[in-house]
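Asker: This is run.tsv (TSV, C-alpha atoms).
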```
chain	number	residue	atom	x	y	z
A	702	ARG	CA	116.10	75.60	85.59
A	703	GLN	CA	119.25	77.67	86.07
A	704	GLY	CA	121.72	74.83	85.65
A	705	ARG	CA	122.51	72.26	82.99
A	706	PHE	CA	124.50	69.10	83.72
A	707	VAL	CA	126.11	67.35	80.76
A	708	VAL	CA	127.68	63.90	81.08
A	709	VAL	CA	130.36	63.72	78.39
A	710	GLU	CA	131.09	60.18	77.24
A	711	THR	CA	134.63	59.13	76.37
A	712	ARG	CA	135.90	56.11	74.51
A	713	ALA	CA	138.43	55.37	77.24
A	714	GLU	CA	137.40	54.09	80.64
A	715	PRO	CA	137.95	56.70	83.37
A	716	LYS	CA	139.86	54.12	85.43
A	717	ASP	CA	142.41	53.83	82.61
A	718	ALA	CA	144.24	57.09	83.30
A	719	GLU	CA	146.84	56.52	80.58
A	720	ARG	CA	144.16	56.58	77.86
A	721	PHE	CA	141.44	58.58	79.58
A	722	THR	CA	143.36	61.68	80.63
A	723	PRO	CA	144.61	62.66	77.15
A	724	GLU	CA	141.14	62.09	75.68
A	725	MET	CA	139.47	64.09	78.44
A	726	ALA	CA	142.05	66.87	78.07
A	727	ALA	CA	141.37	67.15	74.32
A	728	LEU	CA	137.59	67.28	74.86
A	729	LEU	CA	138.03	69.84	77.63
A	730	ALA	CA	140.22	72.06	75.46
A	731	ALA	CA	137.57	72.02	72.72
A	732	ASP	CA	134.84	72.92	75.23
A	733	LEU	CA	136.91	75.69	76.79
A	734	ALA	CA	137.18	77.36	73.38
A	735	ALA	CA	133.53	78.39	73.84
A	736	VAL	CA	134.11	80.14	77.18
A	737	ARG	CA	133.30	83.85	77.01
A	738	SER	CA	133.35	84.81	80.71
A	739	GLY	CA	134.33	82.93	83.88
A	740	ALA	CA	134.89	79.17	84.02
A	741	LEU	CA	136.15	76.73	86.63
A	742	VAL	CA	137.87	73.42	85.87
A	743	LEU	CA	138.14	70.91	88.73
A	744	CYS	CA	140.63	68.06	88.48
A	745	THR	CA	141.18	65.05	90.72
A	746	SER	CA	144.99	65.08	90.75
A	747	ARG	CA	147.88	67.40	90.01
A	748	GLU	CA	149.04	65.18	87.16
A	749	GLN	CA	145.59	65.24	85.58
A	750	MET	CA	145.51	69.03	85.92
A	751	ARG	CA	149.02	69.31	84.45
A	752	GLN	CA	148.03	67.29	81.39
A	753	ALA	CA	144.80	69.24	80.95
A	754	VAL	CA	146.62	72.57	81.03
A	755	ALA	CA	149.39	71.28	78.74
A	756	ALA	CA	146.77	70.29	76.14
A	757	LEU	CA	145.48	73.86	75.81
A	758	PRO	CA	146.37	75.77	72.66
A	759	PRO	CA	148.35	78.98	73.33
A	760	ALA	CA	145.31	81.28	73.11
A	761	LEU	CA	143.49	79.31	75.81
A	762	ARG	CA	146.62	78.81	77.93
A	763	ALA	CA	146.83	82.60	78.17
A	764	LEU	CA	143.39	82.61	79.82
A	765	ALA	CA	144.20	79.87	82.35
A	766	LEU	CA	144.84	80.60	86.02
A	767	VAL	CA	146.22	77.44	87.58
A	768	GLN	CA	146.20	76.53	91.26
A	769	GLY	CA	149.76	76.36	92.53
A	770	GLU	CA	151.17	78.76	89.96
A	771	LEU	CA	149.89	81.80	91.89
A	772	PRO	CA	148.80	82.42	95.48
A	773	ARG	CA	145.07	81.76	95.75
A	774	GLY	CA	144.21	85.37	96.53
A	775	VAL	CA	146.18	86.69	93.57
A	776	LEU	CA	144.65	84.07	91.27
A	777	LEU	CA	141.11	85.02	92.27
A	778	GLN	CA	141.87	88.72	92.02
A	779	ARG	CA	143.10	88.26	88.44
A	780	HIS	CA	140.09	86.12	87.58
A	781	ARG	CA	137.64	88.73	88.88
A	782	ALA	CA	139.50	91.53	87.10
A	783	ALA	CA	139.45	89.69	83.76
A	784	VAL	CA	135.76	88.80	83.94
A	785	GLY	CA	134.89	92.27	85.18
A	786	ALA	CA	136.62	93.71	82.13
A	787	GLY	CA	134.56	91.50	79.83
A	788	ARG	CA	137.28	88.94	79.11
A	789	ALA	CA	137.24	85.17	79.44
A	790	SER	CA	139.11	83.63	82.36
A	791	ILE	CA	139.51	79.97	83.30
A	792	VAL	CA	140.49	78.80	86.78
A	793	PHE	CA	142.02	75.33	87.12
A	794	GLY	CA	141.94	73.79	90.59
A	795	LEU	CA	141.92	70.68	92.73
A	796	GLN	CA	139.86	69.52	95.71
A	797	SER	CA	140.22	72.68	97.79
A	798	PHE	CA	138.83	74.77	94.93
A	799	GLY	CA	135.88	72.40	94.68
A	800	GLU	CA	134.88	72.97	98.31
A	801	GLY	CA	135.34	76.60	99.24
A	802	MET	CA	135.35	78.52	95.99
A	803	ASP	CA	132.64	81.19	95.68
A	804	LEU	CA	132.41	82.51	92.13
A	805	PRO	CA	128.94	84.00	91.64
A	806	GLY	CA	127.45	85.30	88.44
A	807	ALA	CA	129.71	85.67	85.42
A	808	LEU	CA	132.71	84.47	87.45
A	809	CYS	CA	131.55	80.88	86.89
A	810	GLU	CA	129.14	80.47	84.01
A	811	GLN	CA	130.70	77.14	83.06
A	812	LEU	CA	132.01	74.40	85.34
A	813	PHE	CA	134.05	71.44	84.13
A	814	ILE	CA	134.60	68.33	86.26
A	815	ALA	CA	137.34	66.17	84.80
A	816	LYS	CA	136.43	62.95	86.60
A	817	LEU	CA	134.42	61.66	89.55
A	818	PRO	CA	136.22	62.83	92.71
A	819	PHE	CA	136.91	59.55	94.45
A	820	ALA	CA	139.22	59.77	97.44
A	821	SER	CA	142.85	58.86	96.86
A	822	PRO	CA	143.37	55.08	97.28
A	823	ASP	CA	146.52	55.69	99.33
A	824	ASP	CA	144.70	57.62	102.06
A	825	PRO	CA	145.77	55.71	105.21
A	826	VAL	CA	142.72	56.64	107.28
A	827	GLY	CA	140.30	55.68	104.54
A	828	GLU	CA	142.15	52.46	103.86
A	829	ALA	CA	142.08	51.52	107.54
A	830	ARG	CA	138.32	52.10	107.70
A	831	ALA	CA	137.81	50.12	104.49
A	832	ALA	CA	139.90	47.24	105.84
A	833	TRP	CA	137.82	47.17	109.02
A	834	LEU	CA	134.57	47.07	107.04
A	835	ARG	CA	135.86	44.30	104.78
A	836	ALA	CA	137.01	42.29	107.80
A	837	SER	CA	133.48	42.66	109.18
A	838	GLY	CA	131.99	41.28	105.99
A	839	ARG	CA	130.64	44.63	104.88
A	840	ASP	CA	130.89	46.50	101.56
A	841	ALA	CA	133.49	49.23	102.00
A	842	PHE	CA	132.72	50.76	98.62
A	843	ALA	CA	129.00	51.13	99.29
A	844	GLU	CA	129.34	52.22	102.92
A	845	LEU	CA	132.45	54.39	102.79
A	846	VAL	CA	133.65	55.30	99.31
A	847	LEU	CA	130.34	56.03	97.60
A	848	PRO	CA	128.86	58.36	100.26
A	849	ALA	CA	132.11	60.33	100.45
A	850	THR	CA	132.22	60.64	96.66
A	851	ALA	CA	128.58	61.73	96.53
A	852	MET	CA	129.26	64.48	99.05
A	853	ARG	CA	132.36	65.65	97.22
A	854	LEU	CA	130.64	65.63	93.83
A	855	ALA	CA	127.75	67.65	95.29
A	856	GLN	CA	130.26	70.15	96.68
A	857	TRP	CA	131.97	70.44	93.32
A	858	ALA	CA	128.68	70.86	91.44
A	859	GLY	CA	127.73	73.42	94.09
A	860	ARG	CA	130.31	75.83	92.67
A	861	ALA	CA	127.88	76.36	89.77
A	862	ILE	CA	124.85	78.15	91.23
A	863	ARG	CA	125.76	80.58	93.99
A	864	THR	CA	122.89	83.10	93.85
A	865	GLU	CA	119.26	83.16	92.77
A	866	GLU	CA	120.27	84.83	89.50
A	867	ASP	CA	123.17	82.56	88.53
A	868	ARG	CA	123.13	80.33	85.47
A	869	CYS	CA	125.76	77.70	84.76
A	870	SER	CA	126.49	74.75	82.52
A	871	ILE	CA	128.33	71.83	84.11
A	872	HIS	CA	130.27	69.26	82.08
A	873	CYS	CA	131.53	66.05	83.69
A	874	TYR	CA	133.77	63.80	81.60
A	875	ASP	CA	133.02	60.59	83.48
A	876	LYS	CA	130.68	58.20	81.68
A	877	ARG	CA	130.33	56.06	84.80
A	878	LEU	CA	127.59	58.48	85.84
A	879	LEU	CA	125.44	56.76	83.21
A	880	ALA	CA	127.15	53.42	82.63
A	881	THR	CA	127.17	52.10	86.22
A	882	ALA	CA	124.59	51.68	88.94
A	883	PHE	CA	126.67	53.63	91.44
A	884	GLY	CA	127.16	56.42	88.89
A	885	ARG	CA	123.44	56.75	88.35
A	886	ARG	CA	123.00	56.97	92.13
A	887	LEU	CA	125.57	59.79	92.25
A	888	LEU	CA	123.83	61.63	89.42
A	889	ALA	CA	120.42	61.24	91.06
A	890	ALA	CA	121.77	62.72	94.30
A	891	LEU	CA	122.73	66.00	92.63
A	892	PRO	CA	120.41	69.01	92.44
A	893	PRO	CA	117.77	68.57	89.71
A	894	PHE	CA	119.64	70.27	86.89
A	895	ALA	CA	118.46	69.68	83.33
A	896	ARG	CA	120.51	66.61	82.43
A	897	TRP	CA	122.07	65.74	79.11
A	898	ARG	CA	124.35	63.08	77.66
A	899	ARG	CA	126.94	63.94	75.03
A	900	ASP	CA	128.00	60.86	73.09
A	901	VAL	CA	131.42	60.18	71.59
A	902	GLN	CA	130.26	61.69	68.29
A	903	GLY	CA	129.50	64.95	70.11
A	904	GLN	CA	125.72	64.66	69.86
A	905	LEU	CA	123.60	65.86	72.80
A	906	HIS	CA	120.74	63.73	74.14
A	907	PRO	CA	118.35	64.79	76.94
A	908	LEU	CA	118.14	62.50	79.95
A	909	ALA	CA	114.77	61.73	81.51
```
Is it possible to express this structure as structure tokens?
Answerer:
Amino acid sequence: RQGRFVVVETRAEPKDAERFTPEMAALLAADLAAVRSGALVLCTSREQMRQAVAALPPALRALALVQGELPRGVLLQRHRAAVGAGRASIVFGLQSFGEGMDLPGALCEQLFIAKLPFASPDDPVGEARAAWLRASGRDAFAELVLPATAMRLAQWAGRAIRTEEDRCSIHCYDKRLLATAFGRRLLAALPPFARWRRDVQGQLHPLA
């Protein structure tokens, strides 16, 4: 009841980074214009985060606190100060911000997930495990990749509701959550937020 999860559909396929990232960045910028307190944007790569920040108009760029541009402690201190003073503040981060970030109350009333957080394909340990599973005739995606992604997505979504009083809207710009069987499994594994689909025309539709 305290959280809302919106799957935002894009025309581009999320696997097609060249087309997807600019489209996602434009949609994100439009959504961030409605932020009035604290928000957190989680990206899956530094390049994706760079493009998302670069797409912000100047007024929104002034509100953005980007991982890597400031020490983490300073970034969070500025975010808390801005929200505490009644101003909007938007934190942009990568995987580490999706795991250990605690932003209760107004510090994170909106959470934006740019894309499903699959592990990097060049991870040598993960690739070695996947190769072993494939050599054994097993499905590396189902046994290794999908469970790890489900755990990471749950961690990222977990930034939303930190106390019994918190309320948060979550937007995820990855249509595979609805368009694929594995995506629907990932969505079903999340806490039971009210779930919505936003189509490419911007219309909201409730999900059963």
Asker: Using CA of Val846 (chain A) and CA of Arg712 (chain A) as the two end points, give the distance in Å to one decimal.
Answerer: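 If I compute the distance from CA of Val846 (chain A) to CA of Arg712 (chain A), I get 24.9 Å.
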Asker: Skipping near chain neighbours, those fewer than 3 positions away, what residues fall within 8 Å of region 731-734 of chain A using all atoms listed in the file, listed as a PDB file with C-alpha atoms, keeping the file's coordinate frame?
Answerer:
```pdb
ATOM      1  CA  ALA A 727     141.370  67.150  74.320  1.00  0.00           C
ATOM      2  CA  LEU A 728     137.590  67.280  74.860  1.00  0.00           C
ATOM      3  CA  LEU A 761     143.490  79.310  75.810  1.00  0.00           C
TER       4      LEU A 761
END
```
Asker: Tell me, as a list in words, which residues lie within 12 Å of Arg896 (chain A), counting all atoms listed in the file; anything in the same chain fewer than 2 positions away does not count.
Answerer: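 My list of contacting residues is Arg702, Gln703, Gly704, Arg705, Phe706, Val707, Val708, Val709, Ser870, Ile871, His872, Cys873, Leu878, Leu879, Arg885, Leu888, Ala889, Leu891, Pro892, Pro893, Phe894, Arg898, Arg899, Leu905, His906, Pro907, Leu908 and Ala909 of chain A.
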Asker: For a test of reading the model, state the distance in Å between CA of Glu719 (chain A) and CA of Gly903 (chain A), rounded to one decimal.
Answerer: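 Going from CA of Glu719 (chain A) over to CA of Gly903 (chain A), I get 21.9 Å.
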Asker: What is the CA of Phe813 (chain A)-CA of Thr745 (chain A) distance in Å, reported with one decimal?
Answerer: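 Separation between CA of Phe813 (chain A) and CA of Thr745 (chain A): 11.6 Å.
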Asker: Set the distance at 12 Å and use all atoms listed in the file: which residues neighbour Pro848 (chain A) once local chain neighbours fewer than 4 positions away are removed? I'd like the list as JSON, numbers by chain.
Answerer: {"A": [818, 819, 820, 841, 842, 843, 844, 852, 853, 854, 855, 883, 884, 886, 887, 890]}
Asker: Between A:Leu804, A:Cys809, A:Cys869, A:Ala815, which residue has the minimum interatomic distance to Thr711 (chain A), considering all atoms listed in the file?
Answerer: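 Of A:Leu804, A:Cys809, A:Cys869, A:Ala815, the one nearest Thr711 (chain A), counting all atoms listed in the file, is A:Ala815.
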Asker: For region 778-789 of chain A, supply all heavy atoms and report the output as a PDB file, keeping the file's coordinate frame.
Answerer:
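Now in result.pdb:
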```
ATOM      1  N   GLN A 778     141.901  87.295  92.358  1.00  0.00           N
ATOM      2  CA  GLN A 778     141.870  88.720  92.020  1.00  0.00           C
ATOM      3  C   GLN A 778     142.012  88.900  90.505  1.00  0.00           C
ATOM      4  O   GLN A 778     141.285  89.700  89.887  1.00  0.00           O
ATOM      5  CB  GLN A 778     142.996  89.459  92.741  1.00  0.00           C
ATOM      6  CG  GLN A 778     143.004  90.961  92.522  1.00  0.00           C
ATOM      7  CD  GLN A 778     144.144  91.625  93.268  1.00  0.00           C
ATOM      8  OE1 GLN A 778     145.267  91.103  93.320  1.00  0.00           O
ATOM      9  NE2 GLN A 778     143.873  92.771  93.872  1.00  0.00           N
ATOM     10  N   ARG A 779     142.910  88.163  89.887  1.00  0.00           N
ATOM     11  CA  ARG A 779     143.100  88.260  88.440  1.00  0.00           C
ATOM     12  C   ARG A 779     141.885  87.735  87.693  1.00  0.00           C
ATOM     13  O   ARG A 779     141.501  88.284  86.642  1.00  0.00           O
ATOM     14  CB  ARG A 779     144.363  87.507  88.023  1.00  0.00           C
ATOM     15  CG  ARG A 779     145.644  88.141  88.519  1.00  0.00           C
ATOM     16  CD  ARG A 779     146.871  87.492  87.920  1.00  0.00           C
ATOM     17  NE  ARG A 779     148.095  88.092  88.417  1.00  0.00           N
ATOM     18  CZ  ARG A 779     149.315  87.723  88.041  1.00  0.00           C
ATOM     19  NH1 ARG A 779     149.466  86.746  87.157  1.00  0.00           N
ATOM     20  NH2 ARG A 779     150.375  88.307  88.538  1.00  0.00           N
ATOM     21  N   HIS A 780     141.280  86.679  88.211  1.00  0.00           N
ATOM     22  CA  HIS A 780     140.090  86.120  87.580  1.00  0.00           C
ATOM     23  C   HIS A 780     138.953  87.138  87.612  1.00  0.00           C
ATOM     24  O   HIS A 780     138.302  87.389  86.575  1.00  0.00           O
ATOM     25  CB  HIS A 780     139.681  84.841  88.315  1.00  0.00           C
ATOM     26  CG  HIS A 780     138.466  84.171  87.757  1.00  0.00           C
ATOM     27  ND1 HIS A 780     138.436  83.589  86.501  1.00  0.00           N
ATOM     28  CD2 HIS A 780     137.222  83.986  88.283  1.00  0.00           C
ATOM     29  CE1 HIS A 780     137.238  83.071  86.286  1.00  0.00           C
ATOM     30  NE2 HIS A 780     136.486  83.302  87.344  1.00  0.00           N
ATOM     31  N   ARG A 781     138.719  87.737  88.757  1.00  0.00           N
ATOM     32  CA  ARG A 781     137.640  88.730  88.880  1.00  0.00           C
ATOM     33  C   ARG A 781     137.910  89.940  87.988  1.00  0.00           C
ATOM     34  O   ARG A 781     136.985  90.486  87.378  1.00  0.00           O
ATOM     35  CB  ARG A 781     137.482  89.154  90.337  1.00  0.00           C
ATOM     36  CG  ARG A 781     136.978  88.042  91.253  1.00  0.00           C
ATOM     37  CD  ARG A 781     136.647  88.585  92.637  1.00  0.00           C
ATOM     38  NE  ARG A 781     136.171  87.531  93.516  1.00  0.00           N
ATOM     39  CZ  ARG A 781     136.919  86.919  94.433  1.00  0.00           C
ATOM     40  NH1 ARG A 781     138.192  87.290  94.605  1.00  0.00           N
ATOM     41  NH2 ARG A 781     136.417  85.971  95.186  1.00  0.00           N
ATOM     42  N   ALA A 782     139.156  90.365  87.912  1.00  0.00           N
ATOM     43  CA  ALA A 782     139.500  91.530  87.100  1.00  0.00           C
ATOM     44  C   ALA A 782     139.251  91.241  85.618  1.00  0.00           C
ATOM     45  O   ALA A 782     138.710  92.087  84.890  1.00  0.00           O
ATOM     46  CB  ALA A 782     140.951  91.928  87.326  1.00  0.00           C
ATOM     47  N   ALA A 783     139.634  90.047  85.168  1.00  0.00           N
ATOM     48  CA  ALA A 783     139.450  89.690  83.760  1.00  0.00           C
ATOM     49  C   ALA A 783     137.970  89.622  83.402  1.00  0.00           C
ATOM     50  O   ALA A 783     137.528  90.204  82.402  1.00  0.00           O
ATOM     51  CB  ALA A 783     140.141  88.363  83.464  1.00  0.00           C
ATOM     52  N   VAL A 784     137.197  88.931  84.223  1.00  0.00           N
ATOM     53  CA  VAL A 784     135.760  88.800  83.940  1.00  0.00           C
ATOM     54  C   VAL A 784     135.077  90.151  84.040  1.00  0.00           C
ATOM     55  O   VAL A 784     134.207  90.485  83.231  1.00  0.00           O
ATOM     56  CB  VAL A 784     135.126  87.764  84.889  1.00  0.00           C
ATOM     57  CG1 VAL A 784     133.607  87.708  84.697  1.00  0.00           C
ATOM     58  CG2 VAL A 784     135.730  86.386  84.654  1.00  0.00           C
ATOM     59  N   GLY A 785     135.473  90.947  85.031  1.00  0.00           N
ATOM     60  CA  GLY A 785     134.890  92.270  85.180  1.00  0.00           C
ATOM     61  C   GLY A 785     135.163  93.178  83.998  1.00  0.00           C
ATOM     62  O   GLY A 785     134.374  94.082  83.690  1.00  0.00           O
ATOM     63  N   ALA A 786     136.265  92.918  83.304  1.00  0.00           N
ATOM     64  CA  ALA A 786     136.620  93.710  82.130  1.00  0.00           C
ATOM     65  C   ALA A 786     136.026  93.124  80.845  1.00  0.00           C
ATOM     66  O   ALA A 786     136.319  93.617  79.755  1.00  0.00           O
ATOM     67  CB  ALA A 786     138.140  93.797  82.000  1.00  0.00           C
ATOM     68  N   GLY A 787     135.214  92.083  81.000  1.00  0.00           N
ATOM     69  CA  GLY A 787     134.560  91.500  79.830  1.00  0.00           C
ATOM     70  C   GLY A 787     135.382  90.465  79.106  1.00  0.00           C
ATOM     71  O   GLY A 787     135.058  90.102  77.963  1.00  0.00           O
ATOM     72  N   ARG A 788     136.432  89.944  79.748  1.00  0.00           N
ATOM     73  CA  ARG A 788     137.280  88.940  79.110  1.00  0.00           C
ATOM     74  C   ARG A 788     137.003  87.561  79.690  1.00  0.00           C
ATOM     75  O   ARG A 788     136.503  87.432  80.815  1.00  0.00           O
ATOM     76  CB  ARG A 788     138.759  89.285  79.292  1.00  0.00           C
ATOM     77  CG  ARG A 788     139.146  90.646  78.737  1.00  0.00           C
ATOM     78  CD  ARG A 788     140.670  90.803  78.690  1.00  0.00           C
ATOM     79  NE  ARG A 788     141.285  90.607  79.993  1.00  0.00           N
ATOM     80  CZ  ARG A 788     141.472  91.578  80.886  1.00  0.00           C
ATOM     81  NH1 ARG A 788     141.047  92.806  80.635  1.00  0.00           N
ATOM     82  NH2 ARG A 788     142.062  91.323  82.053  1.00  0.00           N
ATOM     83  N   ALA A 789     137.356  86.538  78.944  1.00  0.00           N
ATOM     84  CA  ALA A 789     137.240  85.170  79.440  1.00  0.00           C
ATOM     85  C   ALA A 789     138.386  84.870  80.403  1.00  0.00           C
ATOM     86  O   ALA A 789     139.491  85.385  80.252  1.00  0.00           O
ATOM     87  CB  ALA A 789     137.264  84.186  78.280  1.00  0.00           C
TER      88      ALA A 789
END
```
